[in-house]
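Okay, target-v6.cif now, which holds mmCIF, C-alpha atoms and all ligand atoms:
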```
data_entry
loop_
_atom_site.label_atom_id
_atom_site.label_comp_id
_atom_site.auth_asym_id
_atom_site.auth_seq_id
_atom_site.Cartn_x
_atom_site.Cartn_y
_atom_site.Cartn_z
CA MET A 793 -7.40 -32.97 -18.81
CA ALA A 794 -4.36 -34.50 -17.17
CA GLY A 795 -1.10 -34.02 -19.00
CA GLN A 796 -2.51 -31.87 -21.75
CA ILE A 797 -0.63 -28.64 -22.12
CA PRO A 798 -2.58 -25.75 -23.60
CA ALA A 799 -1.06 -23.66 -26.36
CA LEU A 800 0.43 -20.29 -25.62
CA PRO A 801 -2.49 -17.85 -25.46
CA GLU A 802 -2.08 -15.43 -28.30
CA SER A 803 -3.04 -12.43 -26.21
CA PHE A 804 0.21 -12.78 -24.23
CA ALA A 805 2.56 -12.61 -27.19
CA PRO A 806 4.52 -9.36 -27.05
CA GLY A 807 3.49 -7.26 -30.00
CA ILE A 808 4.55 -3.96 -31.49
CA ASP A 809 2.14 -2.25 -29.11
CA GLY A 810 3.70 -4.06 -26.18
CA VAL A 811 4.53 -1.06 -24.04
CA PHE A 812 3.30 -2.93 -20.97
CA SER A 813 6.07 -4.82 -19.21
CA ASP A 814 3.62 -7.03 -17.28
CA ARG A 815 2.38 -8.43 -20.58
CA LEU A 816 5.95 -9.51 -21.23
CA GLY A 817 6.05 -11.11 -17.77
CA PHE A 818 2.98 -13.17 -18.60
CA TYR A 819 4.51 -14.19 -21.90
CA PHE A 820 7.76 -15.46 -20.35
CA MET A 821 5.84 -17.21 -17.59
CA GLU A 822 3.61 -18.90 -20.12
CA SER A 823 6.50 -20.10 -22.27
CA LYS A 824 8.23 -21.60 -19.21
CA VAL A 825 5.25 -23.09 -17.33
CA PRO A 826 2.32 -23.45 -19.74
CA GLY A 827 -0.96 -22.78 -17.99
CA LEU A 828 0.52 -20.80 -15.08
CA SER A 829 -0.60 -17.40 -16.34
CA LYS A 830 -4.12 -18.82 -16.69
CA VAL A 831 -3.93 -20.04 -13.09
CA ILE A 832 -3.01 -16.55 -11.93
CA LEU A 833 -5.82 -14.95 -13.91
CA ASN A 834 -8.29 -17.53 -12.60
CA LYS A 835 -7.22 -16.82 -9.04
CA LEU A 836 -7.87 -13.18 -9.66
CA ASN A 837 -11.26 -14.07 -11.16
CA MET A 838 -10.24 -12.75 -14.57
CA LYS A 839 -10.63 -14.37 -17.94
CA ASP A 840 -7.71 -12.97 -19.90
CA TYR A 841 -4.87 -10.49 -20.02
CA GLY A 842 -7.19 -7.74 -21.29
CA GLU A 843 -9.23 -7.98 -18.12
CA TYR A 844 -6.10 -8.05 -15.97
CA ARG A 845 -4.88 -4.90 -17.72
CA ALA A 846 -8.26 -3.20 -17.26
CA ALA A 847 -8.13 -4.00 -13.54
CA MET A 848 -4.59 -2.62 -13.29
CA GLU A 849 -5.83 0.52 -14.98
CA GLY A 850 -8.49 0.78 -12.29
CA LYS A 851 -11.32 0.28 -14.82
CA THR A 852 -12.77 -2.75 -13.05
CA LYS A 853 -12.84 -3.88 -9.46
CA ARG A 854 -9.77 -5.95 -8.69
CA GLY A 855 -9.05 -8.42 -5.96
CA ALA A 856 -12.61 -9.22 -5.00
CA PHE A 857 -11.44 -11.47 -2.18
CA ARG A 858 -13.82 -12.33 0.60
CA ASN A 859 -11.13 -12.07 3.24
CA CYS A 860 -7.45 -12.02 3.99
CA LYS A 861 -7.14 -15.79 4.10
CA GLU A 862 -8.57 -16.14 0.62
CA MET A 863 -6.21 -13.48 -0.72
CA PHE A 864 -3.12 -15.23 0.69
CA GLN A 865 -4.39 -18.62 -0.42
CA LYS A 866 -4.93 -17.48 -3.98
CA MET A 867 -1.54 -15.84 -4.01
CA GLU A 868 0.09 -19.09 -2.85
CA GLU A 869 -1.74 -21.04 -5.53
CA THR A 870 -0.02 -19.01 -8.21
CA PHE A 871 3.24 -20.65 -7.08
CA LYS A 872 1.82 -24.17 -7.31
CA PHE A 873 3.55 -25.94 -10.16
CA CYS A 874 6.16 -28.68 -10.14
CA VAL A 875 9.56 -27.02 -10.62
CA GLY A 876 10.81 -30.39 -11.87
CA CYS A 877 8.41 -31.02 -14.75
CA ASN A 878 6.35 -27.75 -14.82
CA LYS A 879 3.01 -29.53 -14.22
CA ILE A 880 0.28 -27.35 -12.72
CA PRO A 881 -2.46 -28.92 -10.51
CA GLU A 882 -4.88 -29.48 -13.40
CA HIS A 883 -2.26 -31.57 -15.23
CA LEU A 884 -1.86 -34.02 -12.34
CA SER A 885 -3.37 -37.48 -12.34
CA GLU A 886 -6.03 -38.38 -9.82
CA GLY A 887 -4.90 -38.58 -6.23
CA GLN A 888 -1.68 -36.75 -7.05
CA THR A 889 -1.02 -33.46 -5.24
CA LEU A 890 1.80 -30.94 -5.32
CA LYS A 891 4.02 -31.04 -2.22
CA ARG A 892 6.09 -28.16 -0.95
CA CYS A 893 9.84 -28.32 -0.21
CA VAL A 894 9.86 -28.38 3.62
CA LYS A 895 13.05 -26.34 3.88
CA CYS A 896 12.14 -23.25 1.86
CA LEU A 897 8.33 -23.59 1.76
CA ASN A 898 8.59 -21.96 -1.64
CA VAL A 899 8.76 -24.54 -4.44
CA TYR A 900 6.45 -27.46 -5.21
CA TYR A 901 6.93 -30.97 -6.62
CA CYS A 902 4.49 -33.43 -8.15
CA SER A 903 6.45 -36.48 -6.96
CA LYS A 904 9.47 -37.69 -4.96
CA GLU A 905 11.18 -38.46 -8.28
CA CYS A 906 10.83 -34.89 -9.53
CA GLN A 907 12.12 -33.54 -6.23
CA LYS A 908 15.11 -35.91 -6.21
CA LYS A 909 16.01 -35.12 -9.79
CA ASN A 910 15.68 -31.39 -9.16
CA TRP A 911 17.64 -31.32 -5.89
CA PRO A 912 21.14 -30.70 -7.39
CA GLN A 913 19.74 -27.48 -8.88
CA HIS A 914 17.40 -26.54 -6.07
CA LYS A 915 19.98 -26.98 -3.30
CA MET A 916 21.89 -23.98 -4.66
CA PHE A 917 18.84 -21.74 -4.17
CA CYS A 918 16.76 -23.39 -1.42
CA LYS A 919 18.21 -21.17 1.36
CA LYS A 920 17.63 -17.96 -0.57
CA LEU A 921 14.15 -19.05 -1.64
CA ARG A 922 13.22 -19.49 2.02
CA LEU A 923 13.84 -15.76 2.48
CA VAL A 924 11.97 -14.98 -0.72
CA ALA A 925 8.91 -16.84 0.58
CA ILE A 926 8.94 -14.76 3.77
CA ASP A 927 9.45 -11.46 1.92
CA ARG A 928 6.61 -12.20 -0.46
CA LEU A 929 4.20 -12.19 2.49
CA VAL A 930 5.77 -9.49 4.66
CA GLU A 931 5.64 -7.18 1.64
CA TRP A 932 1.89 -6.96 2.22
CA LEU A 933 2.68 -4.57 5.10
CA MET A 934 3.69 -2.00 2.48
CA PHE A 935 0.06 -1.91 1.37
CA THR A 936 -1.39 -1.85 4.87
CA GLY A 937 0.79 1.18 5.72
CA ASP A 938 2.84 -0.56 8.43
CA LEU A 939 5.87 -0.14 6.18
CA PRO A 940 8.00 1.82 5.41
CA PHE A 941 9.21 2.52 8.94
CA PRO A 942 10.38 6.10 9.67
CA THR A 943 13.98 7.12 8.96
CA GLU A 944 16.30 9.60 10.71
CA LYS A 945 17.68 12.98 9.71
CA TRP A 946 20.91 12.84 7.75
CA THR A 947 23.86 13.81 9.91
CA ARG A 948 26.35 13.76 7.05
CA PRO A 949 26.37 15.62 3.72
CA GLN A 950 24.89 13.51 0.89
CA GLY A 951 28.27 13.35 -0.88
CA GLU A 952 29.67 11.33 2.01
CA VAL A 953 26.86 8.78 2.06
CA LYS A 954 28.06 6.39 -0.59
CA CYS A 955 26.56 3.01 0.34
CA TRP A 956 24.02 1.29 2.61
CA ASP A 957 26.54 1.06 5.47
CA ASP A 958 27.04 4.85 5.40
CA TRP A 959 23.28 5.34 5.40
CA LEU A 960 22.72 2.80 8.18
CA ALA A 961 25.42 4.46 10.31
CA MET A 962 23.22 7.60 10.45
CA GLN A 963 20.16 5.62 11.54
CA GLY A 964 21.30 4.45 14.95
CA ASP A 965 19.75 1.25 16.24
CA LEU A 966 17.06 0.00 13.86
CA THR A 967 15.83 -2.70 16.24
CA PRO A 968 13.05 -0.68 17.95
CA ARG A 969 11.66 0.33 14.53
CA LEU A 970 11.87 -3.24 13.21
CA ASP A 971 10.27 -4.58 16.39
CA ALA A 972 7.41 -2.09 16.09
CA VAL A 973 6.64 -3.61 12.69
CA LEU A 974 6.97 -7.15 14.08
CA SER A 975 4.39 -6.42 16.77
CA CYS A 976 1.91 -4.52 14.57
CA ILE A 977 -1.61 -5.91 14.27
CA ASN A 978 -1.31 -6.71 10.56
CA MET A 979 1.82 -8.82 11.14
CA GLY A 980 -0.37 -10.97 13.41
CA VAL A 981 -3.22 -11.04 10.89
CA LEU A 982 -0.76 -12.09 8.20
CA TRP A 983 0.62 -15.20 9.91
CA LYS A 984 -2.79 -16.24 11.15
CA ASN A 985 -4.06 -16.36 7.57
CA VAL A 986 -1.27 -18.07 5.66
CA SER A 987 -0.62 -21.77 5.46
CA ARG A 988 2.77 -21.73 7.15
CA PRO A 989 4.07 -21.02 10.65
CA ARG A 990 5.26 -17.56 11.65
CA PRO A 991 9.07 -17.40 11.17
CA GLU A 992 11.47 -16.57 14.03
CA ASP A 993 11.69 -12.88 14.93
CA ALA A 994 15.27 -12.67 13.68
CA ASP A 995 14.12 -13.84 10.24
CA LEU A 996 11.20 -11.41 10.26
CA ARG A 997 13.43 -8.45 11.24
CA GLU A 998 15.72 -9.19 8.31
CA SER A 999 12.77 -9.51 5.97
CA VAL A 1000 11.33 -6.16 7.10
CA TRP A 1001 14.71 -4.56 6.42
CA ARG A 1002 14.97 -6.11 2.94
CA ILE A 1003 11.53 -4.77 2.03
CA GLU A 1004 12.33 -1.33 3.43
CA SER A 1005 15.60 -1.35 1.45
CA GLU A 1006 13.68 -1.91 -1.78
CA PHE A 1007 11.49 1.09 -1.02
CA LEU A 1008 14.39 3.36 0.01
CA SER A 1009 16.54 2.20 -2.87
CA ARG A 1010 14.48 4.41 -5.22
CA ALA A 1011 15.08 7.72 -3.43
CA LEU A 1012 18.71 6.86 -2.65
CA THR A 1013 19.32 5.87 -6.28
CA VAL A 1014 17.82 9.17 -7.47
CA GLY A 1015 20.16 10.93 -5.01
CA MET A 1016 23.11 9.06 -6.43
CA ALA A 1017 22.10 10.05 -9.97
CA MET A 1018 22.06 13.71 -8.84
CA ARG A 1019 25.54 13.29 -7.39
CA LEU A 1020 26.90 11.64 -10.54
CA PHE A 1021 25.68 14.57 -12.64
CA CYS A 1022 26.87 17.11 -10.00
CA LEU A 1023 23.32 18.46 -9.68
CA ASP A 1024 22.36 20.24 -6.49
CA PRO A 1025 18.77 21.13 -5.47
CA SER A 1026 20.11 23.43 -2.74
CA SER A 1027 20.87 26.11 -5.30
CA LYS A 1028 17.65 26.04 -7.35
CA PRO A 1029 14.27 24.25 -7.50
CA PHE A 1030 14.69 20.84 -9.02
CA THR A 1031 12.53 18.68 -11.30
CA ILE A 1032 12.99 14.92 -11.66
CA HIS A 1033 10.99 12.88 -14.16
CA LEU A 1034 10.67 9.16 -13.49
CA ALA A 1035 10.24 7.88 -17.03
CA GLY A 1036 8.53 4.53 -17.40
CA ALA A 1037 7.27 4.49 -13.80
CA GLY A 1038 5.05 1.44 -13.38
CA LEU A 1039 3.34 -0.83 -10.90
CA SER A 1040 6.21 -1.19 -8.47
CA GLU A 1041 6.62 2.57 -7.99
CA THR A 1042 2.99 3.68 -8.26
CA MET A 1043 0.80 0.87 -6.88
CA GLY A 1044 -0.23 2.11 -3.44
CA ALA A 1045 2.18 5.05 -3.80
CA ARG A 1046 1.97 7.78 -1.18
CA LEU A 1047 2.74 11.49 -1.45
CA THR A 1048 5.59 10.93 1.00
CA ASP A 1049 7.37 8.20 -0.97
CA PHE A 1050 10.37 10.37 -1.87
CA ASP A 1051 10.72 12.22 1.44
CA GLU A 1052 14.15 10.67 1.92
CA LEU A 1053 15.30 13.30 -0.62
CA ASP A 1054 14.33 16.01 1.90
CA ARG A 1055 16.57 14.38 4.50
CA MET A 1056 19.31 14.01 1.91
CA TYR A 1057 19.18 17.71 0.92
CA PRO A 1058 17.93 19.60 3.99
CA GLY A 1059 17.04 23.17 3.04
CA HIS A 1060 16.63 22.39 -0.68
CA GLN A 1061 14.77 24.83 -2.93
CA GLY A 1062 11.92 22.47 -3.75
CA ILE A 1063 12.10 19.07 -5.48
CA GLU A 1064 9.39 17.75 -7.77
CA VAL A 1065 9.19 14.10 -8.81
CA VAL A 1066 6.86 13.42 -11.75
CA MET A 1067 6.09 9.73 -12.34
CA VAL A 1068 5.41 9.13 -16.01
CA GLY A 1069 4.49 5.86 -17.70
CA PRO A 1070 1.69 3.90 -19.37
CA GLU A 1071 1.46 1.62 -16.32
CA VAL A 1072 1.12 4.36 -13.70
CA VAL A 1073 -1.59 3.27 -11.23
CA ASP A 1074 -4.26 5.72 -10.13
CA GLY A 1075 -3.97 7.03 -6.59
CA PRO A 1076 -3.17 10.13 -4.52
CA ILE A 1077 -0.04 10.87 -6.57
CA MET A 1078 -2.19 11.24 -9.70
CA ARG A 1079 -2.23 15.02 -9.77
CA SER A 1080 -0.97 17.59 -12.26
CA PRO A 1081 2.72 18.44 -12.32
CA LEU A 1082 3.67 21.87 -11.03
CA THR A 1083 3.91 24.75 -13.45
CA SER A 1084 5.69 26.96 -10.96
CA PHE A 1085 8.00 25.94 -8.17
CA GLY A 1086 6.84 23.85 -5.28
CA PRO A 1087 7.39 24.47 -1.59
CA LYS A 1088 11.00 24.74 -0.46
CA THR A 1089 12.42 21.81 1.57
CA LYS A 1090 9.52 19.56 0.47
CA THR A 1091 9.42 16.90 -2.24
CA PHE A 1092 6.25 17.10 -4.33
CA ILE A 1093 5.10 14.01 -6.25
CA SER A 1094 2.79 14.11 -9.27
CA ALA A 1095 2.03 11.62 -12.04
CA TYR A 1096 1.07 11.30 -15.69
CA LYS A 1097 -0.27 8.17 -17.34
CA GLY A 1098 1.23 7.74 -20.80
CA LEU A 1099 4.48 7.37 -22.66
CA TYR A 1100 7.23 9.80 -21.72
CA HIS A 1101 7.62 11.45 -25.12
CA GLN A 1102 3.85 12.11 -25.19
CA PHE A 1103 4.04 13.67 -21.74
CA TYR A 1104 6.93 15.82 -22.93
CA GLU A 1105 5.06 17.05 -26.00
CA GLU A 1106 1.77 17.57 -24.19
CA LEU A 1107 2.92 19.14 -20.95
CA VAL A 1108 6.57 20.13 -21.00
CA GLU A 1109 6.61 21.77 -24.43
CA THR A 1110 3.41 23.66 -23.66
CA LYS A 1111 4.92 24.77 -20.35
CA ALA A 1112 2.23 22.97 -18.34
CA ALA A 1113 5.06 21.10 -16.61
CA ALA A 1114 8.60 22.13 -15.76
CA LYS A 1115 11.55 20.95 -17.86
CA PRO A 1116 13.45 18.12 -16.19
CA ASP A 1117 16.82 18.67 -14.54
CA LEU A 1118 17.18 14.91 -14.43
CA VAL A 1119 15.33 11.92 -15.91
CA VAL A 1120 15.50 8.60 -14.08
CA GLY A 1121 14.12 5.26 -15.29
CA PHE A 1122 13.93 2.27 -12.97
CA HIS A 1123 14.28 -0.93 -15.02
CA PRO A 1124 13.07 0.53 -18.33
CA GLY A 1125 13.41 -2.87 -20.00
CA PHE A 1126 13.80 -1.45 -23.52
CA HIS A 1127 16.35 -4.18 -24.27
CA ALA A 1128 13.80 -6.94 -23.65
CA THR A 1129 11.50 -6.88 -26.67
CA GLN A 1130 10.95 -5.05 -29.88
CA GLY A 1131 7.61 -3.71 -28.64
CA LEU A 1132 9.11 -2.23 -25.48
CA GLY A 1133 12.08 -0.98 -27.45
CA GLU A 1134 9.84 0.80 -29.93
CA GLY A 1135 7.82 2.34 -27.10
CA TRP A 1136 11.05 3.69 -25.63
CA LEU A 1137 12.75 4.80 -28.85
CA PRO A 1138 11.12 8.27 -29.16
CA THR A 1139 11.88 8.85 -25.47
CA LEU A 1140 15.52 7.81 -25.81
CA LEU A 1141 15.97 10.09 -28.82
CA LEU A 1142 14.26 12.94 -26.99
CA LEU A 1143 16.55 12.51 -23.95
CA ARG A 1144 19.54 12.47 -26.25
CA ASP A 1145 18.59 15.38 -28.49
CA PHE A 1146 17.52 17.66 -25.62
CA ASN A 1147 20.75 16.83 -23.81
CA ILE A 1148 18.90 15.81 -20.62
CA PRO A 1149 20.94 14.20 -17.81
CA SER A 1150 19.52 10.66 -17.79
CA PHE A 1151 19.98 7.70 -15.46
CA PHE A 1152 18.58 4.15 -15.77
CA SER A 1153 18.73 1.22 -13.40
CA VAL A 1154 18.53 -2.45 -14.41
CA PHE A 1155 18.10 -5.80 -12.63
CA ASN A 1156 21.40 -7.47 -13.49
CA GLU A 1157 24.64 -7.35 -15.43
CA MET A 1158 23.22 -9.04 -18.51
CA GLU A 1159 20.51 -6.37 -18.80
CA LEU A 1160 23.13 -3.70 -18.23
CA ASN A 1161 25.21 -4.94 -21.14
CA SER A 1162 22.33 -5.21 -23.59
CA SER A 1163 21.05 -1.76 -22.57
CA LEU A 1164 24.51 -0.25 -23.04
CA GLN A 1165 24.66 -1.86 -26.46
CA ILE A 1166 21.35 -0.28 -27.52
CA LEU A 1167 22.34 3.14 -26.19
CA SER A 1168 25.68 3.08 -27.98
CA GLU A 1169 23.91 2.16 -31.22
CA LEU A 1170 21.87 5.34 -30.69
CA GLU A 1171 25.18 7.21 -30.31
CA MET A 1172 24.39 8.28 -26.78
CA ASN A 1173 27.13 9.90 -24.78
CA ILE A 1174 27.31 7.23 -22.06
CA LYS A 1175 29.04 8.74 -19.07
CA GLY A 1176 29.32 5.65 -16.93
CA SER A 1177 27.79 2.44 -15.58
CA GLY A 1178 28.29 -0.02 -12.75
CA THR A 1179 26.82 -1.77 -9.74
CA ASN A 1180 24.53 0.35 -7.57
CA PRO A 1181 25.65 0.67 -3.93
CA PHE A 1182 21.98 1.38 -3.07
CA SER A 1183 20.62 -1.75 -4.74
CA SER A 1184 17.56 -3.32 -3.11
CA GLN A 1185 18.54 -6.08 -0.66
CA LYS A 1186 15.45 -8.15 -1.45
CA PRO A 1187 16.05 -11.13 -3.79
CA GLU A 1188 13.67 -11.28 -6.72
CA PRO A 1189 13.39 -14.71 -8.38
CA VAL A 1190 11.69 -15.38 -11.69
CA GLN A 1191 8.36 -16.83 -10.60
CA SER A 1192 8.34 -19.53 -13.28
CA SER A 1193 12.06 -20.48 -12.84
CA PRO A 1194 12.86 -20.18 -9.13
CA ASN A 1195 16.03 -22.31 -9.36
CA ASN A 1196 18.07 -19.51 -10.88
CA PRO A 1197 20.11 -16.70 -9.37
CA PRO A 1198 17.65 -14.02 -8.20
CA SER A 1199 17.80 -10.41 -9.38
CA TYR A 1200 17.76 -7.30 -7.21
CA CYS A 1201 15.90 -4.06 -8.01
CA ASN A 1202 18.20 -1.21 -9.03
CA SER A 1203 21.22 -3.51 -8.83
CA HIS A 1204 23.08 -1.91 -11.75
CA PHE A 1205 22.94 1.49 -13.40
CA LEU A 1206 24.07 3.51 -16.38
CA TYR A 1207 23.90 7.22 -17.08
CA PHE A 1208 24.20 9.29 -20.21
CA GLN A 1209 23.73 12.78 -21.57
CA GLY A 1210 23.43 13.99 -25.13
CA LEU A 1211 24.98 12.77 -28.33
CA LEU A 1212 28.36 11.17 -28.56
CA GLU A 1213 30.73 13.54 -30.33
CA GLN A 1214 31.88 12.08 -33.61
CA GLU A 1215 35.63 11.97 -33.92
CA GLN A 1216 35.55 12.64 -37.66
CA PHE A 1217 33.92 16.04 -37.14
CA GLU A 1218 36.80 17.10 -34.96
CA HIS A 1219 39.41 16.14 -37.51
CA PRO A 1220 40.17 18.81 -40.13
CA ASP A 1221 41.20 16.24 -42.79
CA ASN A 1222 37.88 14.49 -42.44
CA TYR A 1223 36.07 17.79 -42.84
CA ARG A 1224 37.85 18.36 -46.11
CA ASN A 1225 36.96 14.85 -47.30
CA LEU A 1226 33.34 15.39 -46.46
CA TRP A 1227 33.13 18.63 -48.40
CA THR A 1228 35.00 17.49 -51.51
CA VAL A 1229 32.88 14.42 -52.16
ZN ZN B 1 7.00 -33.03 -11.52
ZN ZN B 2 13.57 -25.71 -0.87
#
```
Whole structure, structure tokens version:
Amino acid sequence: MAGQIPALPESFAPGIDGVFSDRLGFYFMESKVPGLSKVILNKLNMKDYGEYRAAMEGKTKRGAFRNCKEMFQKMEETFKFCVGCNKIPEHLSEGQTLKRCVKCLNVYYCSKECQKKNWPQHKMFCKKLRLVAIDRLVEWLMFTGDLPFPTEKWTRPQGEVKCWDDWLAMQGDLTPRLDAVLSCINMGVLWKNVSRPRPEDADLRESVWRIESEFLSRALTVGMAMRLFCLDPSSKPFTIHLAGAGLSETMGARLTDFDELDRMYPGHQGIEVVMVGPEVVDGPIMRSPLTSFGPKTKTFISAYKGLYHQFYEELVETKAAAKPDLVVGFHPGFHATQGLGEGWLPTLLLLRDFNIPSFFSVFNEMELNSSLQILSELEMNIKGSGTNPFSSQKPEPVQSSPNNPPSYCNSHFLYFQGLLEQEQFEHPDNYRNLWTV
């Protein structure tokens, strides 16, 4: 059916019940490149979003690929649409094929005309998209266990480690660790099975570092949140709730994922990280939170699948889980849609009314501003915001609009605690006015 563009599948529209951020992703993708979400589902051998969701929940078998080659091929096919006119392969006329930009090996065009017309835009991002295309594949090593590479003991107190350069200065020469990843068996398997040549070692080393930085960014950002609130796990056992934890933090998560906190606070009294969210993926971290304190000097990870305010009512209020000393949310996205906002509202009010030190990260400045706006409407006592010195170094483009500035995980942050004090309540004249009405 060349040229015919299917209507937006209704099941992708974000609804009131839209607490799943991936549903929103599908919706945006579908409105930009009609048919692309269907392509992705087809590649995954799924018929609709419901089935995708069920697979994510671990209810059905996912990724029934015959081999590695097929997996990488199908992944690549999800990027096959003309960035000039948004045509996907099934919209092309006979004999027409999509051709890849030879410089970045990341974007496709249906014709020379589309490529020429798109070049003024694409040339601003082509270089960066070349890196993105490498990262997208190297990231697989996170799932095979070849990444993250090990990190060193901290030789400086956490208060003095204020940015990536400070952290890197404690690590010594990274090259042997990067090279060990470059020469691992799976790195060989990877480039043998994808339809592009293996990049130069220098490019691969940088890619490995960018992917490691995304992983470490979470623990280092949590550490920064503790510093901003002047919280110290060396004096008492410490509980951190990761509200709204989702696929990126829990897919393939290991019990050791927050061990950088142990290096940050050597000799701490026990740190527990509880990952809470409706999109939490089943795995080894799916175990009950601690009711008493965990082992000293070790970070204990547990998880709960559901909305944060439900977790709080069910487990914290019944004392089946410890009260949080700090709540962190990576990219909560409550500014994005009404459905997500409504899912988050009871949680935001709970954080405010129980006066819990809370810290959120976002992908960019625009998200930061709209999130700040929502929090100030809720009369939150916002204590500060800014750019995160421990932002991920890995560029993250929008799949359906690659010719746009990429985002970076945890690039900006804001933190708040409790209710904003109302000026009128502090003013004696206003008190009088209130009472005489
Ligand atoms: Zn085109
Ligand atoms: Zn290019």
Contact residues around range 907-921 of chain A with only C-alpha atoms at 12 Å, ignoring same-chain residues under 5 positions, as a PyMOL selection string
chain A and resi 874-878+890-902+926-928+999+1185-1191+1193-1199
Quick one: residues within 10 Å of Pro942 in chain A, only C-alpha atoms counted, chain neighbours fewer than 2 positions away excluded, as an MDAnalysis selection string?
chainID A and resid 939:940 944 963 966 969 1004 1052
Could you check which residues have any atom within 10 Å of (25.6, 0.2, -6.8), counting only C-alpha atoms with coordinates taken straight from the file, and then list them as a ChimeraX atom specification?
/A:954-956,1013,1016,1153,1177-1184,1202-1205
Any idea what's packed within 7 Å of range 1079-1094 of chain A, counting only C-alpha atoms, ignoring anything in its chain fewer than 5 positions away? Could you give it as a short mmCIF file (atom, residue, chain, number, x, y, z; two decimals) with C-alpha atoms, keeping the file's coordinate frame?
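Contents of out_13.cif, as written:
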```cif
data_model
loop_
_atom_site.label_atom_id
_atom_site.label_comp_id
_atom_site.auth_asym_id
_atom_site.auth_seq_id
_atom_site.Cartn_x
_atom_site.Cartn_y
_atom_site.Cartn_z
CA PRO A 1029 14.27 24.25 -7.50
CA LEU A 1047 2.74 11.49 -1.45
CA PHE A 1050 10.37 10.37 -1.87
CA ASP A 1051 10.72 12.22 1.44
CA ASP A 1054 14.33 16.01 1.90
CA PRO A 1058 17.93 19.60 3.99
CA GLY A 1059 17.04 23.17 3.04
CA HIS A 1060 16.63 22.39 -0.68
CA GLN A 1061 14.77 24.83 -2.93
CA GLY A 1062 11.92 22.47 -3.75
CA ILE A 1063 12.10 19.07 -5.48
CA GLU A 1064 9.39 17.75 -7.77
CA VAL A 1065 9.19 14.10 -8.81
CA VAL A 1066 6.86 13.42 -11.75
CA MET A 1067 6.09 9.73 -12.34
CA LYS A 1111 4.92 24.77 -20.35
CA ALA A 1112 2.23 22.97 -18.34
CA ALA A 1113 5.06 21.10 -16.61
CA ALA A 1114 8.60 22.13 -15.76
#
```
Spatial neighbours of Glu1171 in chain A, max dist 9 Å, only C-alpha atoms, sep filter under 4 positions, as a list of chain:residue names
A:Arg1144, A:Ile1166, A:Leu1167, A:Gly1210, A:Leu1211, A:Leu1212, A:Glu1213, A:Gln1214
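Nearest residue to ligand ZN 1 (chain B), choosing from A:Ile1003, A:Leu884, A:Ile1077, A:Met867 and counting all atoms listed in the file: A:Leu884.
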Could you write out as AutoDock Vina command-line options the box around range 874-884 of chain A (axis-aligned, all atoms listed in the file, 6 Å on each side), with centre and edge lengths in Å to one decimal?
```
--center_x 3.0 --center_y -30.5 --center_z -12.7 --size_x 27.7 --size_y 19.0 --size_z 17.1
```
